[in-house]
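Content type mmCIF, C-alpha atoms, from the file my_file_20.cif:
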data_protein
#
loop_
_atom_site.label_atom_id
_atom_site.label_comp_id
_atom_site.auth_asym_id
_atom_site.auth_seq_id
_atom_site.Cartn_x
_atom_site.Cartn_y
_atom_site.Cartn_z
CA MET S 23 25.15 14.16 4.27
CA LYS S 24 23.10 11.04 3.86
CA LEU S 25 21.77 9.68 7.16
CA PHE S 26 20.38 6.42 5.77
CA GLU S 27 22.59 4.63 3.32
CA ILE S 28 23.21 1.35 1.56
CA VAL S 29 26.89 1.14 0.62
CA GLU S 30 29.16 -1.34 -1.09
CA ASP S 31 32.38 -0.44 0.68
CA THR S 32 33.76 -0.66 4.19
CA ILE S 33 31.68 1.17 6.80
CA SER S 34 33.41 3.74 8.98
CA VAL S 35 31.70 3.61 12.38
CA GLU S 36 33.27 6.95 13.25
CA GLN S 37 31.72 8.58 10.19
CA VAL S 38 28.25 7.24 10.99
CA MET S 39 28.61 8.45 14.58
CA ARG S 40 29.65 11.94 13.54
CA LYS S 41 26.41 12.36 11.58
CA VAL S 42 24.33 12.29 14.78
CA ILE S 43 26.46 14.15 17.30
CA HIS S 44 24.66 17.31 18.36
CA PRO S 45 24.92 19.86 21.18
CA ASN S 46 21.46 18.90 22.48
CA CYS S 47 22.42 15.24 22.76
CA GLY S 48 24.52 13.87 25.60
CA ALA S 49 24.51 10.26 24.46
CA VAL S 50 25.33 8.39 21.27
CA ASN S 51 24.61 4.70 21.17
CA LEU S 52 26.34 2.71 18.44
CA PHE S 53 25.22 -0.70 17.27
CA VAL S 54 27.68 -2.49 15.02
CA GLY S 55 26.60 -5.72 13.36
CA THR S 56 29.45 -7.93 12.15
CA VAL S 57 29.63 -11.18 10.21
CA ARG S 58 29.58 -14.15 12.59
CA GLU S 59 31.54 -17.26 11.73
CA LEU S 60 29.52 -19.84 13.64
CA THR S 61 25.72 -20.12 13.62
CA LYS S 62 24.38 -23.15 15.47
CA GLY S 63 27.67 -24.92 15.01
CA LYS S 64 27.75 -24.32 11.27
CA LYS S 65 30.75 -22.51 9.87
CA THR S 66 30.17 -19.54 7.59
CA LEU S 67 32.84 -18.86 5.00
CA TYR S 68 31.42 -15.50 3.94
CA LEU S 69 28.12 -13.69 3.48
CA GLU S 70 26.60 -12.00 0.51
CA TYR S 71 24.11 -9.20 1.14
CA ALA S 72 21.66 -7.93 -1.46
CA ALA S 73 19.21 -5.03 -1.18
CA TYR S 74 16.39 -3.37 -3.00
CA LYS S 75 18.51 -0.32 -2.58
CA GLU S 76 16.13 2.58 -3.23
CA MET S 77 13.39 1.08 -1.09
CA ALA S 78 15.81 -0.02 1.63
CA GLU S 79 17.06 3.53 2.06
CA LYS S 80 13.47 4.80 2.24
CA GLN S 81 12.62 2.18 4.85
CA LEU S 82 15.66 3.14 6.91
CA GLU S 83 14.46 6.74 6.75
CA ARG S 84 11.11 5.54 7.94
CA ILE S 85 12.72 3.89 10.98
CA GLY S 86 14.39 7.22 11.72
CA ARG S 87 11.01 8.98 11.52
CA GLU S 88 9.40 6.36 13.76
CA ILE S 89 12.08 6.98 16.37
CA GLN S 90 11.63 10.74 16.12
CA GLU S 91 7.89 10.34 16.64
CA LYS S 92 8.70 8.67 19.97
CA CYS S 93 11.63 10.91 20.84
CA PRO S 94 11.61 14.16 18.82
CA GLU S 95 15.15 15.12 19.80
CA ALA S 96 16.65 11.81 18.69
CA ARG S 97 19.09 11.85 15.78
CA VAL S 98 19.51 8.63 13.85
CA ALA S 99 21.93 7.45 11.15
CA ILE S 100 22.07 3.95 9.70
CA THR S 101 24.48 2.52 7.13
CA HIS S 102 24.17 -1.04 5.80
CA ARG S 103 26.75 -2.63 3.56
CA ILE S 104 25.89 -5.03 0.73
CA GLY S 105 27.94 -7.32 -1.49
CA ARG S 106 30.41 -9.91 -0.25
CA LEU S 107 31.40 -9.64 3.41
CA ASP S 108 33.98 -11.75 5.18
CA ILE S 109 33.99 -12.90 8.79
CA SER S 110 34.04 -9.94 11.23
CA ASP S 111 33.37 -7.38 8.51
CA ILE S 112 30.90 -4.69 9.56
CA ALA S 113 27.52 -5.25 7.91
CA VAL S 114 25.55 -2.51 9.64
CA THR S 115 26.14 0.49 11.87
CA ILE S 116 23.36 2.29 13.69
CA ALA S 117 24.02 5.53 15.54
CA VAL S 118 21.34 7.01 17.79
CA ALA S 119 21.95 10.25 19.63
CA THR S 120 19.52 11.44 22.29
CA PRO S 121 19.63 14.02 25.07
CA HIS S 122 19.91 11.27 27.73
CA ARG S 123 21.44 7.79 27.60
CA ALA S 124 18.41 5.61 28.34
CA ASP S 125 16.67 6.65 25.12
CA SER S 126 19.78 6.06 23.05
CA TYR S 127 19.92 2.41 24.18
CA GLU S 128 16.21 1.92 23.65
CA TYR S 129 16.01 3.38 20.16
CA SER S 130 19.20 1.71 18.97
CA ARG S 131 17.57 -1.62 19.81
CA TYR S 132 14.35 -0.49 18.19
CA ALA S 133 16.19 0.38 14.98
CA ILE S 134 17.90 -2.99 14.53
CA GLU S 135 14.78 -4.99 15.37
CA ARG S 136 12.70 -2.89 13.00
CA MET S 137 15.32 -3.26 10.29
CA LYS S 138 14.88 -7.01 10.46
CA GLU S 139 11.16 -6.54 9.80
CA ILE S 140 10.73 -3.87 7.16
CA VAL S 141 13.98 -3.16 5.31
CA PRO S 142 14.45 -5.10 2.05
CA ILE S 143 17.94 -6.47 2.62
CA TRP S 144 18.79 -10.17 2.38
CA LYS S 145 21.80 -12.22 3.28
CA LYS S 146 23.06 -15.34 1.65
CA GLU S 147 25.11 -17.70 3.77
CA HIS S 148 28.01 -19.43 2.09
CA TRP S 149 29.12 -22.54 3.97
CA GLU S 150 31.73 -25.14 3.12
CA ASP S 151 28.98 -27.48 1.94
CA GLY S 152 26.52 -25.12 0.32
CA GLU S 153 24.77 -21.77 0.22
CA GLU S 154 21.36 -20.40 1.02
CA TRP S 155 19.43 -17.13 1.10
CA ILE S 156 18.33 -16.61 4.68
CA GLY S 157 14.72 -15.68 4.99
CA ASP S 158 13.82 -14.82 8.51
CA GLN S 159 15.33 -12.97 11.39
CA LYS S 160 15.73 -15.90 13.72
CA GLU S 161 18.08 -17.80 11.47
CA ILE S 162 16.24 -21.02 12.24
CA THR S 163 13.88 -21.61 9.36
CA PRO S 164 15.07 -21.30 5.81
CA TYR S 165 13.09 -18.93 3.71
CA PRO S 166 10.33 -18.56 2.72
CA THR S 167 8.57 -18.17 6.04
CA GLY S 168 5.90 -15.79 7.28
CA LYS S 169 5.55 -12.15 6.48
CA PRO S 170 7.32 -9.42 8.36
CA GLU S 171 5.11 -7.18 10.47
CA ILE S 172 5.12 -3.85 8.75
CA GLY S 173 2.84 -2.10 11.21
CA GLY S 174 1.82 1.54 10.88
CA LYS S 175 -0.46 2.84 8.19
CA ASP S 176 0.82 0.58 5.44
CA ALA S 177 -0.28 -2.59 7.21
CA MET F 10 4.02 -1.85 -18.84
CA ILE F 11 4.52 -3.14 -15.30
CA THR F 12 8.09 -3.74 -14.13
CA ILE F 13 8.38 -6.67 -11.75
CA LYS F 14 11.43 -6.76 -9.47
CA LEU F 15 12.68 -9.96 -7.84
CA PHE F 16 15.34 -10.41 -5.17
CA ALA F 17 17.40 -13.02 -3.35
CA ALA F 18 16.19 -16.59 -3.85
CA MET F 19 13.30 -15.48 -6.07
CA ALA F 20 15.67 -13.75 -8.48
CA GLU F 21 17.90 -16.81 -8.58
CA GLU F 22 14.94 -19.11 -9.13
CA ALA F 23 13.64 -16.98 -12.02
CA GLY F 24 17.13 -16.39 -13.42
CA LYS F 25 16.44 -12.64 -13.58
CA GLU F 26 15.87 -9.65 -11.35
CA THR F 27 13.56 -7.66 -13.60
CA ILE F 28 10.59 -8.90 -15.63
CA GLU F 29 8.28 -6.79 -17.76
CA MET F 30 4.57 -7.46 -17.88
CA THR F 31 2.08 -5.99 -20.30
CA TRP F 32 -0.22 -3.41 -18.75
CA GLN F 33 -3.96 -4.00 -18.74
CA GLU F 34 -6.55 -1.55 -17.51
CA GLY F 35 -7.79 -2.27 -13.98
CA MET F 36 -4.90 -4.51 -12.96
CA THR F 37 -4.08 -5.07 -9.31
CA THR F 38 -1.13 -6.66 -7.52
CA GLU F 39 -3.13 -9.90 -7.37
CA ASP F 40 -3.11 -10.07 -11.18
CA VAL F 41 0.66 -9.64 -11.14
CA LYS F 42 1.03 -12.46 -8.60
CA ARG F 43 -1.13 -14.81 -10.68
CA TRP F 44 0.66 -13.97 -13.90
CA LEU F 45 4.10 -14.39 -12.32
CA ALA F 46 3.17 -17.80 -10.88
CA GLU F 47 1.93 -18.92 -14.30
CA GLN F 48 4.99 -17.66 -16.15
CA TYR F 49 7.47 -18.91 -13.56
CA PRO F 50 5.99 -22.00 -11.89
CA SER F 51 9.15 -22.37 -9.79
CA LEU F 52 8.25 -19.10 -8.04
CA ALA F 53 4.69 -20.13 -7.24
CA SER F 54 5.49 -21.51 -3.80
CA ARG F 55 7.53 -18.44 -2.86
CA ILE F 56 5.01 -15.79 -3.94
CA PRO F 57 2.61 -16.19 -0.98
CA ALA F 58 5.45 -15.62 1.51
CA ALA F 59 6.60 -12.42 -0.16
CA MET F 60 5.38 -8.94 0.65
CA VAL F 61 4.49 -6.79 -2.34
CA ALA F 62 5.76 -3.25 -2.81
CA VAL F 63 4.45 -0.84 -5.42
CA ASN F 64 6.83 1.94 -6.40
CA GLN F 65 8.98 1.13 -3.36
CA GLU F 66 6.20 1.27 -0.75
CA PHE F 67 4.65 -1.80 0.86
CA ALA F 68 1.26 -2.31 -0.74
CA ALA F 69 -2.09 -3.47 0.57
CA PHE F 70 -3.79 -6.64 -0.71
CA ALA F 71 -5.02 -6.26 -4.31
CA ASN F 72 -3.49 -2.83 -4.60
CA PRO F 73 -4.73 -1.11 -7.81
CA LEU F 74 -1.96 -0.45 -10.32
CA GLN F 75 -1.21 2.13 -12.97
CA ASP F 76 0.67 1.77 -16.20
CA GLY F 77 4.39 2.16 -15.50
CA ASP F 78 4.28 0.98 -11.88
CA GLU F 79 7.15 -1.00 -10.38
CA VAL F 80 5.94 -4.07 -8.47
CA ALA F 81 8.52 -5.71 -6.23
CA PHE F 82 8.29 -9.02 -4.43
CA ILE F 83 9.94 -8.76 -1.02
CA PRO F 84 10.72 -12.14 0.49
CA PRO F 85 11.20 -12.24 4.27
CA VAL F 86 14.12 -9.95 4.98
CA SER F 87 17.36 -10.85 6.75
CA GLY F 88 19.52 -7.76 6.92
CA GLY F 89 21.40 -6.44 9.89
#

Can you present the structure in this file as structure tokens?
Amino acid sequence: MKLFEIVEDTISVEQVMRKVIHPNCGAVNLFVGTVRELTKGKKTLYLEYAAYKEMAEKQLERIGREIQEKCPEARVAITHRIGRLDISDIAVTIAVATPHRADSYEYSRYAIERMKEIVPIWKKEHWEDGEEWIGDQKEITPYPTGKPEIGGKDA
Amino acid sequence: MITIKLFAAMAEEAGKETIEMTWQEGMTTEDVKRWLAEQYPSLASRIPAAMVAVNQEFAAFANPLQDGDEVAFIPPVSGG
């Protein structure tokens, strides 16, 4: 069972969730990221995601380790889809199981924010009037912009 | 030989995702950046904004290289 995966097919949220369920954990928090049609009034037709797959999976594993350093009993699984995704398709699913609910909310949020800093995955917006690789997490400035904060010992 | 990997807009700009560069003793990631900017002037403005990874780990400034290393340019990410 692979806890941290880049896939090219539909993501089953249920399958990702099942990877983390454990007798010691009484909470599973699921984050599901889907393709949004409107961003600042601009209509997306579809998205294209690309990844540096081998490194992206390693970086997802690293996020899992970072969470376990903060909460040793946490169990984390993350699946991100790449390729062409249509509106409302699931792009990412994060499952975090912890003994108590507060930690599951906190580390689910941590995982998605961290993903937007250190995991080599990129999305390309396709609009009616053009296309563009998006280069930062705020979706305001087209890429290239500043560097992500990698933190930890690699910084 | 050093294998350079490009992604997203950088790959489109260069027209390829993988570029091979001849190995020279004592090379660092800074040499790869300079060489890439010379060979592909259209990438020059994007190189400073990209993080560099060596063998799939983020690398420090002027990271020393070895023959056979994979050097990837990681533009600001936008997954999730």

Considering only C-alpha atoms, extract the chain F residues located within 8 Å of chain S and return them as a VMD selection string. chain F and resid 16 to 18 55 58 to 60 65 to 69 83 to 89

Nearby residues (only C-alpha atoms) at most 9 Å from Met19 (chain F), same-chain spacing under 5 positions excluded, as a list in words: Gly24, Lys25, Glu26, Ser51, Leu52, Arg55, Ile56, Phe82 and Pro84 of chain F

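One distance worth recording is that between CA of Gly105 (chain S) and CA of Glu21 (chain F), which is 15.5 Å.
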
Option closest in space to Ala62 (chain F), from F:Thr38, F:Thr27, F:Gln75, F:Gln48 [counting all atoms listed in the file]: F:Thr38

I'd like the box whose edges run along x, y and z of the file and which contains every listed atom of region 60-66 of chain S, padded by 3 Å per side; could you state its centre and edge lengths in Å, one decimal, as lines of an AutoDock Vina configuration file?
center_x = 27.6
center_y = -22.2
center_z = 11.5
size_x = 12.4
size_y = 11.4
size_z = 13.9

Excluding Pro50 (chain F) and any residue of its chain fewer than 5 positions from it, enumerate the residues within 10 Å of it, using all atoms listed in the file, and give them as a VMD selection string. chain F and resid 22 to 23 44 to 45 55

Selection from above, C-alpha atoms, as a PDB file, in the coordinates of the input, can you write it?
ATOM      1  CA  GLU F  22      14.940 -19.110  -9.130  1.00  0.00           C
ATOM      2  CA  ALA F  23      13.640 -16.980 -12.020  1.00  0.00           C
ATOM      3  CA  TRP F  44       0.660 -13.970 -13.900  1.00  0.00           C
ATOM      4  CA  LEU F  45       4.100 -14.390 -12.320  1.00  0.00           C
ATOM      5  CA  ARG F  55       7.530 -18.440  -2.860  1.00  0.00           C
TER       6      ARG F  55
END

Apply the PyMOL selection byres ((chain S and resi 125) around 10) to the file shown and report the selected residues as a list in words. Ala49, Val50, Asn51, Ile89, Lys92, Cys93, Ala96, Val118, Ala119, Thr120, Pro121, His122, Arg123, Ala124, Ser126, Tyr127, Glu128, Tyr129, Ser130 and Arg131 of chain S

Report, in Å to a single decimal, how far apart CA of Glu70 (chain S) and CA of Ala53 (chain F) are.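 Value for the CA of Ala53 (chain F)-CA of Glu70 (chain S) distance: 24.6 Å.
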
Evaluate the PyMOL selection byres ((chain F and resi 32) around 10) on the structure here and hand back the selected residues as a PDB file with C-alpha atoms, keeping the file's coordinate frame.
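Below you can see selection36.pdb, which holds the result:
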ATOM      1  CA  MET F  10       4.020  -1.850 -18.840  1.00  0.00           C
ATOM      2  CA  ILE F  11       4.520  -3.140 -15.300  1.00  0.00           C
ATOM      3  CA  THR F  12       8.090  -3.740 -14.130  1.00  0.00           C
ATOM      4  CA  GLU F  29       8.280  -6.790 -17.760  1.00  0.00           C
ATOM      5  CA  MET F  30       4.570  -7.460 -17.880  1.00  0.00           C
ATOM      6  CA  THR F  31       2.080  -5.990 -20.300  1.00  0.00           C
ATOM      7  CA  GLN F  33      -3.960  -4.000 -18.740  1.00  0.00           C
ATOM      8  CA  GLU F  34      -6.550  -1.550 -17.510  1.00  0.00           C
ATOM      9  CA  GLY F  35      -7.790  -2.270 -13.980  1.00  0.00           C
ATOM     10  CA  MET F  36      -4.900  -4.510 -12.960  1.00  0.00           C
ATOM     11  CA  VAL F  41       0.660  -9.640 -11.140  1.00  0.00           C
ATOM     12  CA  LEU F  74      -1.960  -0.450 -10.320  1.00  0.00           C
ATOM     13  CA  GLN F  75      -1.210   2.130 -12.970  1.00  0.00           C
ATOM     14  CA  ASP F  76       0.670   1.770 -16.200  1.00  0.00           C
ATOM     15  CA  GLY F  77       4.390   2.160 -15.500  1.00  0.00           C
ATOM     16  CA  ASP F  78       4.280   0.980 -11.880  1.00  0.00           C
TER      17      ASP F  78
END

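Going from CA of Phe53 (chain S) over to CA of Met23 (chain S), you cover 19.7 Å.
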
Explicit residues for the PyMOL selection byres ((chain S and resi 65-69) around 7) (as a PyMOL selection string): chain S and resi 59-61+63-64+70-71+106-109+145-150

Go through F:Ile28, F:Val63, F:Pro57, F:Ala71 one by one, measure the shortest atom-to-atom distance of each to Lys14 (chain F) using only C-alpha atoms, and give the residue with the smallest value.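 Counting only C-alpha atoms, the residue closest to Lys14 (chain F) is F:Ile28.
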